[in-house]
file target.tsv (TSV, C-alpha atoms)
chain	number	residue	atom	x	y	z
A	763	MET	CA	4.42	-5.19	-52.03
A	764	LYS	CA	4.58	-7.99	-49.48
A	765	ILE	CA	3.78	-6.99	-45.88
A	766	PHE	CA	4.38	-9.06	-42.77
A	767	LEU	CA	2.89	-8.30	-39.34
A	768	VAL	CA	5.63	-9.73	-37.14
A	769	GLY	CA	5.05	-10.70	-33.53
A	770	MET	CA	8.19	-9.51	-31.73
A	771	GLY	CA	7.45	-11.44	-28.57
A	772	MET	CA	8.77	-9.63	-25.51
A	773	GLY	CA	10.86	-7.27	-27.65
A	774	ARG	CA	14.24	-9.02	-27.49
A	775	GLU	CA	16.04	-10.56	-30.43
A	776	ASP	CA	16.53	-13.85	-28.58
A	777	GLY	CA	12.74	-14.15	-28.24
A	778	LEU	CA	12.03	-14.05	-31.99
A	779	THR	CA	10.96	-17.09	-33.95
A	780	LEU	CA	13.44	-18.18	-36.63
A	781	ARG	CA	11.09	-17.16	-39.46
A	782	ALA	CA	10.45	-13.75	-37.88
A	783	ARG	CA	14.20	-13.19	-37.64
A	784	ASP	CA	14.72	-14.18	-41.28
A	785	LEU	CA	11.99	-11.80	-42.48
A	786	LEU	CA	13.35	-8.92	-40.41
A	787	MET	CA	16.78	-9.51	-41.87
A	788	GLU	CA	15.46	-9.39	-45.45
A	789	ALA	CA	12.94	-6.53	-45.15
A	790	GLU	CA	13.58	-3.23	-46.95
A	791	ALA	CA	11.91	-1.46	-44.03
A	792	VAL	CA	10.83	-2.34	-40.51
A	793	ILE	CA	8.14	-0.14	-38.99
A	794	GLY	CA	7.12	-0.18	-35.34
A	795	ALA	CA	7.33	1.41	-31.92
A	796	ASP	CA	10.83	2.54	-30.98
A	797	ARG	CA	11.01	-0.02	-28.17
A	798	LEU	CA	10.36	-2.87	-30.61
A	799	LEU	CA	12.86	-1.65	-33.17
A	800	HIS	CA	15.59	-2.30	-30.60
A	801	GLY	CA	14.68	-5.99	-30.87
A	802	VAL	CA	15.41	-6.08	-34.62
A	803	PRO	CA	18.71	-7.89	-35.35
A	804	ALA	CA	21.51	-5.33	-35.45
A	805	ASP	CA	22.74	-6.51	-38.85
A	806	ALA	CA	19.32	-6.36	-40.54
A	807	ARG	CA	19.68	-4.39	-43.76
A	808	GLY	CA	16.35	-2.55	-43.85
A	809	GLU	CA	15.48	0.99	-42.80
A	810	ARG	CA	13.99	1.31	-39.32
A	811	ILE	CA	11.01	3.66	-39.00
A	812	ALA	CA	9.61	4.44	-35.56
A	813	LEU	CA	5.80	4.67	-35.85
A	814	ALA	CA	3.15	3.19	-33.58
A	815	LEU	CA	-0.34	4.32	-34.67
A	816	PRO	CA	-1.88	2.01	-37.31
A	817	GLU	CA	-2.99	4.97	-39.43
A	818	GLN	CA	0.53	6.38	-39.48
A	819	VAL	CA	1.97	2.99	-40.41
A	820	ALA	CA	-0.51	2.58	-43.29
A	821	GLU	CA	0.19	6.10	-44.56
A	822	CYS	CA	3.94	5.47	-44.46
A	823	ILE	CA	3.61	2.28	-46.49
A	824	ARG	CA	1.44	3.92	-49.14
A	825	SER	CA	3.92	6.76	-49.45
A	826	HIS	CA	6.66	4.25	-50.40
A	827	PRO	CA	5.18	2.30	-53.31
A	828	HIS	CA	8.66	1.17	-54.41
A	829	TRP	CA	9.04	-1.08	-51.37
A	830	THR	CA	8.61	-4.79	-52.08
A	831	ASN	CA	9.14	-6.35	-48.67
A	832	VAL	CA	8.06	-4.64	-45.40
A	833	CYS	CA	7.82	-5.85	-41.80
A	834	ILE	CA	5.60	-4.21	-39.20
A	835	ALA	CA	6.87	-4.99	-35.70
A	836	LEU	CA	4.16	-5.71	-33.13
A	837	SER	CA	4.67	-6.51	-29.46
A	838	GLY	CA	3.94	-9.97	-28.10
A	839	ASP	CA	1.66	-11.97	-30.36
A	840	PRO	CA	-0.34	-10.13	-33.05
A	841	GLY	CA	-3.45	-12.07	-32.05
A	842	PHE	CA	-3.47	-10.84	-28.46
A	843	TYR	CA	-4.58	-7.21	-27.90
A	844	SER	CA	-2.53	-6.00	-30.80
A	845	GLY	CA	-2.72	-3.33	-33.46
A	846	ALA	CA	-2.76	-6.15	-36.02
A	847	ARG	CA	-6.56	-6.19	-36.21
A	848	LYS	CA	-6.73	-2.59	-37.41
A	849	LEU	CA	-3.70	-2.93	-39.65
A	850	VAL	CA	-5.22	-5.90	-41.46
A	851	ASP	CA	-8.20	-3.70	-42.38
A	852	LEU	CA	-6.13	-0.63	-43.26
A	853	LEU	CA	-3.79	-2.65	-45.46
A	854	ALA	CA	-6.35	-5.07	-46.87
A	855	GLU	CA	-5.30	-4.48	-50.48
A	856	TYR	CA	-1.83	-5.86	-49.63
A	857	SER	CA	-3.15	-9.04	-47.94
A	858	PRO	CA	-0.64	-8.81	-45.07
A	859	GLU	CA	0.65	-12.03	-43.55
A	860	ILE	CA	0.67	-12.46	-39.77
A	861	LEU	CA	3.54	-14.15	-37.93
A	862	CYS	CA	2.79	-15.20	-34.37
A	863	GLY	CA	5.11	-14.38	-31.49
A	864	ILE	CA	5.48	-15.17	-27.80
A	865	SER	CA	2.66	-13.43	-25.93
A	866	THR	CA	2.96	-11.81	-22.52
A	867	PRO	CA	0.77	-14.47	-20.81
A	868	GLN	CA	2.94	-17.23	-22.26
A	869	TYR	CA	6.17	-15.66	-21.06
A	870	PHE	CA	4.86	-14.62	-17.63
A	871	ALA	CA	3.28	-18.02	-16.92
A	872	ALA	CA	6.53	-19.72	-17.89
A	873	ARG	CA	8.47	-17.46	-15.53
A	874	LEU	CA	6.06	-18.36	-12.75
A	875	GLY	CA	6.28	-22.07	-13.61
A	876	ARG	CA	2.55	-22.53	-14.07
A	877	PRO	CA	0.15	-23.29	-16.94
A	878	TRP	CA	-1.81	-20.41	-18.37
A	879	GLN	CA	-4.83	-22.11	-19.93
A	880	ASP	CA	-6.81	-21.43	-16.75
A	881	LEU	CA	-6.06	-17.69	-16.68
A	882	HIS	CA	-8.73	-15.18	-17.65
A	883	LEU	CA	-6.99	-12.59	-19.81
A	884	VAL	CA	-8.00	-8.91	-19.60
A	885	SER	CA	-6.50	-5.79	-21.09
A	886	ALA	CA	-6.49	-2.74	-18.83
A	887	HIS	CA	-4.07	-1.00	-21.18
A	888	GLY	CA	-6.05	1.87	-22.63
A	889	ILE	CA	-9.27	-0.16	-22.45
A	890	ALA	CA	-11.99	0.45	-19.85
A	891	CYS	CA	-12.44	-2.51	-17.55
A	892	ASP	CA	-13.82	-3.23	-14.09
A	893	PRO	CA	-11.18	-5.22	-12.18
A	894	VAL	CA	-13.63	-6.22	-9.44
A	895	ALA	CA	-16.11	-7.71	-11.91
A	896	GLU	CA	-13.36	-9.69	-13.62
A	897	ILE	CA	-11.94	-10.98	-10.34
A	898	LEU	CA	-15.33	-11.97	-8.91
A	899	ASN	CA	-16.16	-13.98	-12.02
A	900	HIS	CA	-12.79	-15.71	-12.41
A	901	PRO	CA	-10.45	-17.13	-9.72
A	902	ALA	CA	-7.28	-16.22	-11.67
A	903	VAL	CA	-7.13	-13.08	-13.84
A	904	LEU	CA	-4.15	-11.74	-15.77
A	905	PHE	CA	-4.37	-8.00	-16.45
A	906	LEU	CA	-2.26	-6.20	-19.02
A	907	ALA	CA	-1.69	-2.95	-17.15
A	908	GLY	CA	-0.55	0.43	-18.38
A	909	GLY	CA	-2.06	3.62	-19.67
A	910	ALA	CA	-4.65	4.95	-17.26
A	911	MET	CA	-4.67	1.84	-15.05
A	912	SER	CA	-1.47	0.77	-13.30
A	913	PRO	CA	-1.01	-2.26	-11.03
A	914	ALA	CA	-1.36	0.14	-8.07
A	915	ASP	CA	-4.72	1.33	-9.42
A	916	ILE	CA	-5.96	-2.23	-9.80
A	917	ALA	CA	-4.83	-3.05	-6.25
A	918	ARG	CA	-6.51	0.07	-4.85
A	919	ILE	CA	-9.82	-0.69	-6.60
A	920	VAL	CA	-9.71	-4.29	-5.40
A	921	CYS	CA	-9.04	-3.17	-1.82
A	922	GLU	CA	-11.92	-0.68	-1.91
A	923	ALA	CA	-14.20	-3.58	-2.84
A	924	GLY	CA	-13.14	-5.55	0.25
A	925	LEU	CA	-10.81	-7.98	-1.52
A	926	GLU	CA	-7.62	-6.74	0.10
A	927	ASP	CA	-6.36	-10.29	0.75
A	928	ALA	CA	-6.39	-11.26	-2.93
A	929	SER	CA	-2.99	-12.45	-4.16
A	930	PHE	CA	-1.16	-10.09	-6.54
A	931	THR	CA	1.82	-11.05	-8.69
A	932	VAL	CA	3.19	-8.16	-10.76
A	933	GLY	CA	5.67	-8.55	-13.60
A	934	GLU	CA	7.51	-5.47	-14.93
A	935	ASN	CA	9.74	-5.05	-17.99
A	936	LEU	CA	9.45	-8.74	-18.74
A	937	SER	CA	12.43	-10.35	-20.54
A	938	SER	CA	14.53	-7.18	-20.24
A	939	SER	CA	17.60	-6.69	-18.07
A	940	SER	CA	15.41	-4.74	-15.61
A	941	GLU	CA	12.77	-7.48	-15.32
A	942	ARG	CA	11.16	-7.61	-11.88
A	943	ILE	CA	8.48	-9.92	-10.44
A	944	ARG	CA	6.87	-9.13	-7.08
A	945	THR	CA	4.16	-10.94	-5.11
A	946	GLY	CA	1.97	-9.86	-2.20
A	947	THR	CA	-1.60	-9.18	-1.15
A	948	ALA	CA	-3.63	-6.44	-2.80
A	949	ARG	CA	-3.26	-4.43	0.39
A	950	ALA	CA	0.53	-4.68	0.29
A	951	MET	CA	0.81	-3.92	-3.42
A	952	ALA	CA	-1.54	-0.92	-3.52
A	953	GLY	CA	1.00	1.64	-2.35
A	954	LYS	CA	3.94	0.66	-4.54
A	955	ALA	CA	5.28	2.26	-7.73
A	956	TYR	CA	5.40	0.25	-10.95
A	957	ASP	CA	6.86	0.50	-14.42
A	958	PRO	CA	4.30	1.27	-17.16
A	959	LEU	CA	5.13	-2.03	-18.90
A	960	ALA	CA	3.56	-4.38	-16.37
A	961	VAL	CA	1.21	-7.34	-16.02
A	962	VAL	CA	-0.76	-8.33	-12.94
A	963	LEU	CA	-1.91	-11.82	-11.98
A	964	VAL	CA	-4.72	-11.66	-9.41
A	965	GLU	CA	-5.84	-14.82	-7.64
A	966	ASN	CA	-8.87	-14.49	-5.41
A	967	ALA	CA	-10.74	-17.05	-3.31
A	968	LYS	CA	-13.67	-14.72	-2.57
A	969	THR	CA	-16.24	-15.08	-5.32
A	970	PHE	CA	-20.03	-15.07	-5.64
A	971	CYS	CA	-21.37	-17.67	-3.21
A	972	ARG	CA	-24.13	-18.85	-5.54
A	973	PRO	CA	-25.10	-18.75	-9.22
A	974	PRO	CA	-27.43	-16.05	-10.54
A	975	GLY	CA	-31.11	-16.83	-10.28
A	976	PRO	CA	-34.47	-15.28	-11.06
A	977	GLY	CA	-34.62	-13.60	-7.62
A	978	GLY	CA	-36.41	-14.43	-4.42
A	979	LEU	CA	-33.90	-16.07	-2.07
A	980	PRO	CA	-35.38	-17.43	1.17
A	981	ASP	CA	-35.63	-14.72	3.83
A	982	ALA	CA	-33.85	-16.98	6.33
A	983	GLU	CA	-30.64	-16.86	4.28
A	984	PHE	CA	-30.14	-13.19	5.11
A	985	ILE	CA	-28.62	-11.86	8.32
A	986	ARG	CA	-31.44	-9.90	9.91
A	987	GLY	CA	-31.94	-7.59	12.86
A	988	ASP	CA	-34.66	-5.14	13.83
A	989	VAL	CA	-34.38	-3.43	10.43
A	990	PRO	CA	-37.27	-3.90	7.95
A	991	MET	CA	-36.52	-6.26	5.07
A	992	THR	CA	-38.17	-6.60	1.67
A	993	LYS	CA	-39.67	-10.08	1.80
A	994	ARG	CA	-38.95	-12.86	-0.66
A	995	GLU	CA	-42.07	-12.62	-2.85
A	996	VAL	CA	-41.91	-8.83	-3.11
A	997	ARG	CA	-38.17	-8.97	-3.74
A	998	ALA	CA	-38.65	-11.36	-6.66
A	999	ALA	CA	-41.23	-9.02	-8.19
A	1000	VAL	CA	-38.96	-5.99	-7.70
A	1001	LEU	CA	-36.04	-7.69	-9.44
A	1002	ALA	CA	-38.27	-8.71	-12.34
A	1003	LEU	CA	-39.51	-5.12	-12.73
A	1004	LEU	CA	-35.96	-3.71	-12.60
A	1005	ASP	CA	-35.13	-5.79	-15.70
A	1006	LEU	CA	-31.41	-5.92	-14.95
A	1007	ARG	CA	-28.64	-6.49	-17.50
A	1008	PRO	CA	-25.50	-8.39	-16.40
A	1009	ASP	CA	-23.45	-5.17	-16.64
A	1010	ALA	CA	-26.03	-2.78	-15.17
A	1011	VAL	CA	-25.30	-0.10	-12.57
A	1012	VAL	CA	-28.00	-0.39	-9.90
A	1013	CYS	CA	-28.98	1.65	-6.86
A	1014	ASP	CA	-31.02	0.41	-3.87
A	1015	ILE	CA	-32.22	3.47	-1.95
A	1016	GLY	CA	-33.31	2.88	1.63
A	1017	ALA	CA	-31.65	-0.52	1.41
A	1018	GLY	CA	-32.51	-1.77	4.91
A	1019	THR	CA	-30.87	-5.17	5.39
A	1020	GLY	CA	-29.65	-5.06	1.79
A	1021	SER	CA	-31.72	-8.00	0.55
A	1022	VAL	CA	-32.67	-6.36	-2.76
A	1023	ALA	CA	-29.14	-5.00	-3.23
A	1024	VAL	CA	-27.61	-8.43	-2.58
A	1025	GLU	CA	-29.87	-10.20	-5.07
A	1026	ALA	CA	-29.32	-7.47	-7.65
A	1027	ALA	CA	-25.55	-7.87	-7.19
A	1028	LEU	CA	-25.87	-11.62	-7.81
A	1029	GLN	CA	-27.58	-10.84	-11.11
A	1030	VAL	CA	-25.36	-7.99	-12.37
A	1031	ARG	CA	-22.12	-9.93	-12.23
A	1032	ARG	CA	-20.35	-7.52	-14.54
A	1033	GLY	CA	-22.03	-4.46	-13.11
A	1034	ARG	CA	-22.19	-2.67	-9.80
A	1035	VAL	CA	-24.76	-2.10	-7.09
A	1036	TYR	CA	-24.90	0.82	-4.64
A	1037	ALA	CA	-26.86	0.34	-1.42
A	1038	VAL	CA	-27.83	3.73	0.04
A	1039	GLU	CA	-28.81	3.64	3.72
A	1040	LYS	CA	-28.75	6.17	6.56
A	1041	ASN	CA	-29.45	3.85	9.55
A	1042	PRO	CA	-26.13	2.72	11.12
A	1043	ALA	CA	-27.65	-0.58	12.28
A	1044	ALA	CA	-28.93	-1.27	8.78
A	1045	CYS	CA	-25.51	-0.39	7.31
A	1046	ASP	CA	-23.93	-3.04	9.52
A	1047	LEU	CA	-26.44	-5.62	8.26
A	1048	ILE	CA	-25.79	-4.68	4.63
A	1049	ALA	CA	-22.05	-5.11	5.17
A	1050	ALA	CA	-22.63	-8.49	6.85
A	1051	ASN	CA	-24.90	-9.75	4.05
A	1052	ARG	CA	-22.47	-8.50	1.44
A	1053	GLU	CA	-19.79	-10.68	3.02
A	1054	ARG	CA	-22.15	-13.61	3.45
A	1055	PHE	CA	-23.11	-13.75	-0.21
A	1056	GLY	CA	-19.71	-12.74	-1.61
A	1057	VAL	CA	-21.18	-9.81	-3.55
A	1058	TYR	CA	-18.15	-7.53	-3.53
A	1059	ASN	CA	-19.61	-5.67	-6.51
A	1060	LEU	CA	-21.99	-4.12	-3.96
A	1061	ARG	CA	-20.88	-0.79	-2.48
A	1062	LEU	CA	-22.42	0.53	0.74
A	1063	VAL	CA	-23.18	4.26	0.68
A	1064	GLU	CA	-23.94	5.61	4.15
A	1065	GLY	CA	-26.16	8.66	3.90
A	1066	THR	CA	-29.52	10.04	2.90
A	1067	ALA	CA	-30.81	10.39	-0.65
A	1068	PRO	CA	-30.85	12.51	-2.71
A	1069	GLY	CA	-27.66	14.02	-1.25
A	1070	ALA	CA	-25.89	10.64	-1.10
A	1071	LEU	CA	-26.52	10.11	-4.82
A	1072	SER	CA	-24.29	12.98	-5.89
A	1073	ALA	CA	-21.10	10.91	-5.57
A	1074	LEU	CA	-22.47	7.97	-7.58
A	1075	PRO	CA	-22.21	7.38	-11.33
A	1076	PRO	CA	-25.43	7.48	-13.37
A	1077	VAL	CA	-27.44	4.35	-12.63
A	1078	ASP	CA	-29.37	2.20	-15.09
A	1079	SER	CA	-31.94	0.92	-12.58
A	1080	ALA	CA	-32.99	2.05	-9.12
A	1081	PHE	CA	-35.20	0.60	-6.42
A	1082	ILE	CA	-36.63	3.06	-3.91
A	1083	GLY	CA	-37.61	1.06	-0.84
A	1084	GLY	CA	-37.56	4.08	1.41
A	1085	SER	CA	-37.04	7.75	0.64
A	1086	GLY	CA	-37.42	9.38	4.06
A	1087	GLY	CA	-40.04	11.76	2.69
A	1088	PHE	CA	-37.83	12.90	-0.21
A	1089	LEU	CA	-39.34	10.76	-2.96
A	1090	GLU	CA	-39.75	13.52	-5.56
A	1091	PRO	CA	-36.19	14.93	-5.13
A	1092	VAL	CA	-34.76	11.39	-5.26
A	1093	VAL	CA	-36.53	10.65	-8.55
A	1094	ALA	CA	-35.41	14.01	-9.93
A	1095	ALA	CA	-31.77	13.32	-8.99
A	1096	LEU	CA	-31.83	9.89	-10.65
A	1097	VAL	CA	-33.33	11.34	-13.84
A	1098	ARG	CA	-30.82	14.20	-13.97
A	1099	ALA	CA	-27.97	11.71	-13.93
A	1100	ASN	CA	-29.62	9.39	-16.49
A	1101	PRO	CA	-32.86	10.38	-18.23
A	1102	ALA	CA	-33.34	6.75	-19.32
A	1103	VAL	CA	-33.14	5.32	-15.79
A	1104	ARG	CA	-35.64	2.62	-14.83
A	1105	ILE	CA	-37.16	3.10	-11.37
A	1106	VAL	CA	-39.22	0.82	-9.15
A	1107	VAL	CA	-40.81	2.30	-6.02
A	1108	ALA	CA	-42.25	0.25	-3.14
A	1109	ALA	CA	-45.20	1.84	-1.33
A	1110	VAL	CA	-47.00	0.60	1.77
A	1111	THR	CA	-49.21	3.69	2.17
A	1112	LEU	CA	-51.74	5.28	-0.17
A	1113	GLU	CA	-49.91	8.60	0.11
A	1114	THR	CA	-46.62	7.12	-1.12
A	1115	LEU	CA	-48.47	5.27	-3.87
A	1116	ALA	CA	-49.96	8.52	-5.19
A	1117	ARG	CA	-46.70	10.49	-4.91
A	1118	ALA	CA	-44.69	7.77	-6.65
A	1119	GLY	CA	-46.98	7.67	-9.68
A	1120	ASP	CA	-47.03	11.46	-9.89
A	1121	ALA	CA	-43.22	11.67	-9.59
A	1122	LEU	CA	-42.60	9.24	-12.44
A	1123	ARG	CA	-45.21	10.78	-14.72
A	1124	ALA	CA	-43.84	14.26	-14.00
A	1125	HIS	CA	-40.61	13.17	-15.69
A	1126	ASP	CA	-42.40	11.69	-18.72
A	1127	PHE	CA	-41.69	8.11	-17.71
A	1128	ARG	CA	-43.09	5.71	-20.26
A	1129	ALA	CA	-45.41	2.80	-19.48
A	1130	VAL	CA	-45.75	3.52	-15.76
A	1131	GLU	CA	-47.35	0.46	-14.19
A	1132	THR	CA	-48.61	-0.24	-10.68
A	1133	SER	CA	-49.10	-3.65	-9.12
A	1134	GLN	CA	-50.09	-4.85	-5.68
A	1135	ILE	CA	-48.34	-7.76	-3.99
A	1136	ALA	CA	-50.44	-9.34	-1.23
A	1137	VAL	CA	-48.69	-12.38	0.27
A	1138	THR	CA	-50.20	-14.87	2.68
A	1139	ARG	CA	-47.93	-17.41	4.32
A	1140	THR	CA	-48.70	-20.41	6.48
A	1141	ARG	CA	-47.58	-20.91	10.06
A	1142	ALA	CA	-48.06	-23.64	12.64
A	1143	VAL	CA	-50.36	-22.94	15.59
A	1144	GLY	CA	-51.10	-25.65	18.15
A	1145	GLY	CA	-50.70	-28.55	15.75
A	1146	HIS	CA	-52.60	-26.81	12.98
A	1147	THR	CA	-51.51	-24.80	9.96
A	1148	VAL	CA	-53.06	-21.38	9.64
A	1149	PHE	CA	-52.67	-18.55	7.14
A	1150	ALA	CA	-51.00	-15.31	8.13
A	1151	ALA	CA	-51.42	-12.37	5.78
A	1152	GLN	CA	-48.49	-10.03	5.18
A	1153	ASN	CA	-48.96	-6.31	4.67
A	1154	PRO	CA	-49.74	-5.54	1.01
A	1155	VAL	CA	-47.11	-3.69	-0.99
A	1156	PHE	CA	-47.63	-1.57	-4.09
A	1157	LEU	CA	-44.89	-1.52	-6.74
A	1158	ILE	CA	-44.78	1.43	-9.14
A	1159	ALA	CA	-42.40	1.00	-12.07
A	1160	GLY	CA	-41.46	2.89	-15.19
A	1161	GLY	CA	-38.64	3.73	-17.57
A	1162	GLY	CA	-37.28	7.18	-18.30
A	1163	ARG	CA	-36.94	8.75	-21.72
A	1164	ALA	CA	-34.70	6.83	-24.09

call {"tool": "encode", "arguments": {"input": "target.tsv", "output": "structure tokens"}}
result
Amino acid sequence: MKIFLVGMGMGREDGLTLRARDLLMEAEAVIGADRLLHGVPADARGERIALALPEQVAECIRSHPHWTNVCIALSGDPGFYSGARKLVDLLAEYSPEILCGISTPQYFAARLGRPWQDLHLVSAHGIACDPVAEILNHPAVLFLAGGAMSPADIARIVCEAGLEDASFTVGENLSSSSERIRTGTARAMAGKAYDPLAVVLVENAKTFCRPPGPGGLPDAEFIRGDVPMTKREVRAAVLALLDLRPDAVVCDIGAGTGSVAVEAALQVRRGRVYAVEKNPAACDLIAANRERFGVYNLRLVEGTAPGALSALPPVDSAFIGGSGGFLEPVVAALVRANPAVRIVVAAVTLETLARAGDALRAHDFRAVETSQIAVTRTRAVGGHTVFAAQNPVFLIAGGGRA
């Protein structure tokens, strides 16, 4: 039996390649989603069988061993977010041949009159993705929408992150008689209704203002007020102890000016950071620093922990810079959500130092370590340079149970 995985392009007969059309005409059977079968030439001789799941397609083929020539219709190009990958494995004994087709990005870019080699391509069609992370890392992103995430959902998420002025271009039912292309800001597009078969081009000028680094930006780069701020040397040590992955979910509790949260957000470019703070003046500073550094993957959570943590997803790493006297309940809440959470606590008093170590050990944290950071900086006094000692800070760190 000879099997061909045929890229049907946008699903219309006039979008087929000549070889694809010839194979469809000659096939004893054409299997595919009902929408794609409508794109098969009307005078093709083979039986049309409406099946979409790869397992069902493979089972159907094996139940018809007398077939000699079968086409499996796949939308767009089989090499772009297609069922072809799974079908190749399921039908390996037949050595199926793949025929390329016109992909959605190709067609949409042509309709917009622009090249598409600079687009970052993302599937949000039945695949979990973080639109904000994709948009912050790439100036032009093309999302394949559908399933659980519609263009309106993408627009809403982008607006919630503070990127409401990003440009949205939505294409629906491409190449069909009901094709529609609309353009506007994320804010304008968030409240509209869309067809399930849609793509979204998002172009955004607001991106990270600087590349990721080891941590420890100069204090002067942050917008500051009368709110305490974790200083540069301590901040660098905290970030090293947090051991952040690029896709980590991080929480900065008692965030102050947001300096640790901002630097964490610069490191977790495919993750998310939550800055929890109860002081209204500090919340304003966090929002200002978020804008200054372009870290729109940072979410401000106004409130007091542990109560404010209840609305957050489980976090991978947490920094507790201030707990308002609720250190033990805060640690307990973090561990309940993720027993493997990594926590770093900053202590400037002996009492907090003791409670932090006890709290981590009470939850069987492994390899709890304590270090003291004592920083002395220079300053000019009357033509001379003198040393000025900063208050020492203890850092208690540990990882939860795997």

call {"tool": "closest_atom_pairs", "arguments": {"input": "target.tsv", "of": "stretch 953-1049 of chain A", "to": "stretch 1129-1144 of chain A", "cutoff": "10 Å", "atoms": "only C-alpha atoms", "output": "JSON lines"}}
result
{"residue": "A:Lys993", "atom": "CA", "partner": "A:Val1137", "partner_atom": "CA", "distance": 9.4}
{"residue": "A:Arg994", "atom": "CA", "partner": "A:Val1137", "partner_atom": "CA", "distance": 9.8}
{"residue": "A:Glu995", "atom": "CA", "partner": "A:Val1137", "partner_atom": "CA", "distance": 7.3}
{"residue": "A:Val996", "atom": "CA", "partner": "A:Ile1135", "partner_atom": "CA", "distance": 6.6}
{"residue": "A:Ala999", "atom": "CA", "partner": "A:Ile1135", "partner_atom": "CA", "distance": 8.4}
{"residue": "A:Leu1003", "atom": "CA", "partner": "A:Glu1131", "partner_atom": "CA", "distance": 9.7}

call {"tool": "residues_around", "arguments": {"input": "target.tsv", "residues": "A:Arg1123", "least_positions_apart": "4", "cutoff": "12 Å", "atoms": "only C-alpha atoms", "output": "ChimeraX atom specification"}}
result
/A:1090,1093-1094,1097,1105,1116-1119,1127-1131,1158-1163

call {"tool": "atom_distance", "arguments": {"input": "target.tsv", "atom1": "atom CA of A:Arg986", "atom2": "atom CA of A:Gln1029"}}
result
21.4 Å

call {"tool": "atom_distance", "arguments": {"input": "target.tsv", "atom1": "atom CA of A:Asp1014", "atom2": "atom CA of A:Gly987"}}
result
18.6 Å

call {"tool": "atom_distance", "arguments": {"input": "target.tsv", "atom1": "atom CA of A:Asp1009", "atom2": "atom CA of A:Gly1056"}}
result
17.2 Å

call {"tool": "closest_residue", "arguments": {"input": "target.tsv", "among": "A:Pro840, A:Gly953, A:Gly908, A:Gly946", "to": "A:Ala928", "atoms": "all atoms listed in the file"}}
result
A:Gly946

call {"tool": "residues_near_point", "arguments": {"input": "target.tsv", "point": "(2.1, -12.8, -19.9)", "cutoff": "9 Å", "atoms": "all atoms listed in the file", "output": "number ranges by chain"}}
result
A: 838, 864-872, 878, 904-906, 933, 936, 961-963

call {"tool": "closest_residue", "arguments": {"input": "target.tsv", "among": "A:Val1038, A:Ile1048, A:Ile943, A:Ala998", "to": "A:Ile1015", "atoms": "only C-alpha atoms"}}
result
A:Val1038

call {"tool": "closest_residue", "arguments": {"input": "target.tsv", "among": "A:Ala952, A:Ala1108, A:Leu898, A:Leu1096", "to": "A:Glu922", "atoms": "all atoms listed in the file"}}
result
A:Ala952

call {"tool": "residues_near_point", "arguments": {"input": "target.tsv", "point": "(-10.8, 0.9, -10.0)", "cutoff": "9 Å", "atoms": "all atoms listed in the file", "output": "PyMOL selection string"}}
result
chain A and resi 891-894+911+915-920+922

call {"tool": "residues_around", "arguments": {"input": "target.tsv", "residues": "stretch 975-978 of chain A", "least_positions_apart": "5", "cutoff": "12 Å", "atoms": "all atoms listed in the file", "output": "number ranges by chain"}}
result
A: 983-984, 992-1006, 1008, 1021-1031

call {"tool": "closest_residue", "arguments": {"input": "target.tsv", "among": "A:Arg972, A:Arg1098, A:His800, A:Arg944", "to": "A:Pro913", "atoms": "all atoms listed in the file"}}
result
A:Arg944

call {"tool": "residues_around", "arguments": {"input": "target.tsv", "residues": "stretch 966-968 of chain A", "least_positions_apart": "2", "cutoff": "12 Å", "atoms": "all atoms listed in the file", "output": "number ranges by chain"}}
result
A: 893-904, 920-921, 923-931, 947-948, 963-964, 970-972, 1052-1059

call {"tool": "closest_residue", "arguments": {"input": "target.tsv", "among": "A:Ala1095, A:Leu883, A:Ala1037, A:Ile765", "to": "A:Leu861", "atoms": "only C-alpha atoms"}}
result
A:Ile765

call {"tool": "closest_residue", "arguments": {"input": "target.tsv", "among": "A:Pro990, A:Pro1076, A:Gly1033, A:Pro858", "to": "A:Leu1060", "atoms": "only C-alpha atoms"}}
result
A:Gly1033

call {"tool": "decode", "arguments": {"input": "target.tsv", "residues": "stretch 1137-1152 of chain A", "atoms": "C-alpha atoms", "output": "mmCIF file, in the first residue's frame"}}
result
data_model
loop_
_atom_site.group_PDB
_atom_site.id
_atom_site.type_symbol
_atom_site.label_atom_id
_atom_site.label_comp_id
_atom_site.auth_asym_id
_atom_site.auth_seq_id
_atom_site.Cartn_x
_atom_site.Cartn_y
_atom_site.Cartn_z
ATOM 1 C CA VAL A 1137 28.757 45.156 52.362
ATOM 2 C CA THR A 1138 30.978 48.180 52.819
ATOM 3 C CA ARG A 1139 30.878 50.912 50.205
ATOM 4 C CA THR A 1140 33.020 53.981 49.722
ATOM 5 C CA ARG A 1141 31.810 57.561 49.809
ATOM 6 C CA ALA A 1142 33.466 60.944 49.420
ATOM 7 C CA VAL A 1143 33.841 63.124 52.513
ATOM 8 C CA GLY A 1144 35.670 66.452 52.324
ATOM 9 C CA GLY A 1145 37.986 65.445 49.514
ATOM 10 C CA HIS A 1146 38.670 62.034 51.009
ATOM 11 C CA THR A 1147 37.208 58.596 50.374
ATOM 12 C CA VAL A 1148 35.907 56.799 53.425
ATOM 13 C CA PHE A 1149 34.218 53.447 53.957
ATOM 14 C CA ALA A 1150 30.580 53.248 54.979
ATOM 15 C CA ALA A 1151 29.321 49.906 56.228
ATOM 16 C CA GLN A 1152 25.845 48.740 55.249
#
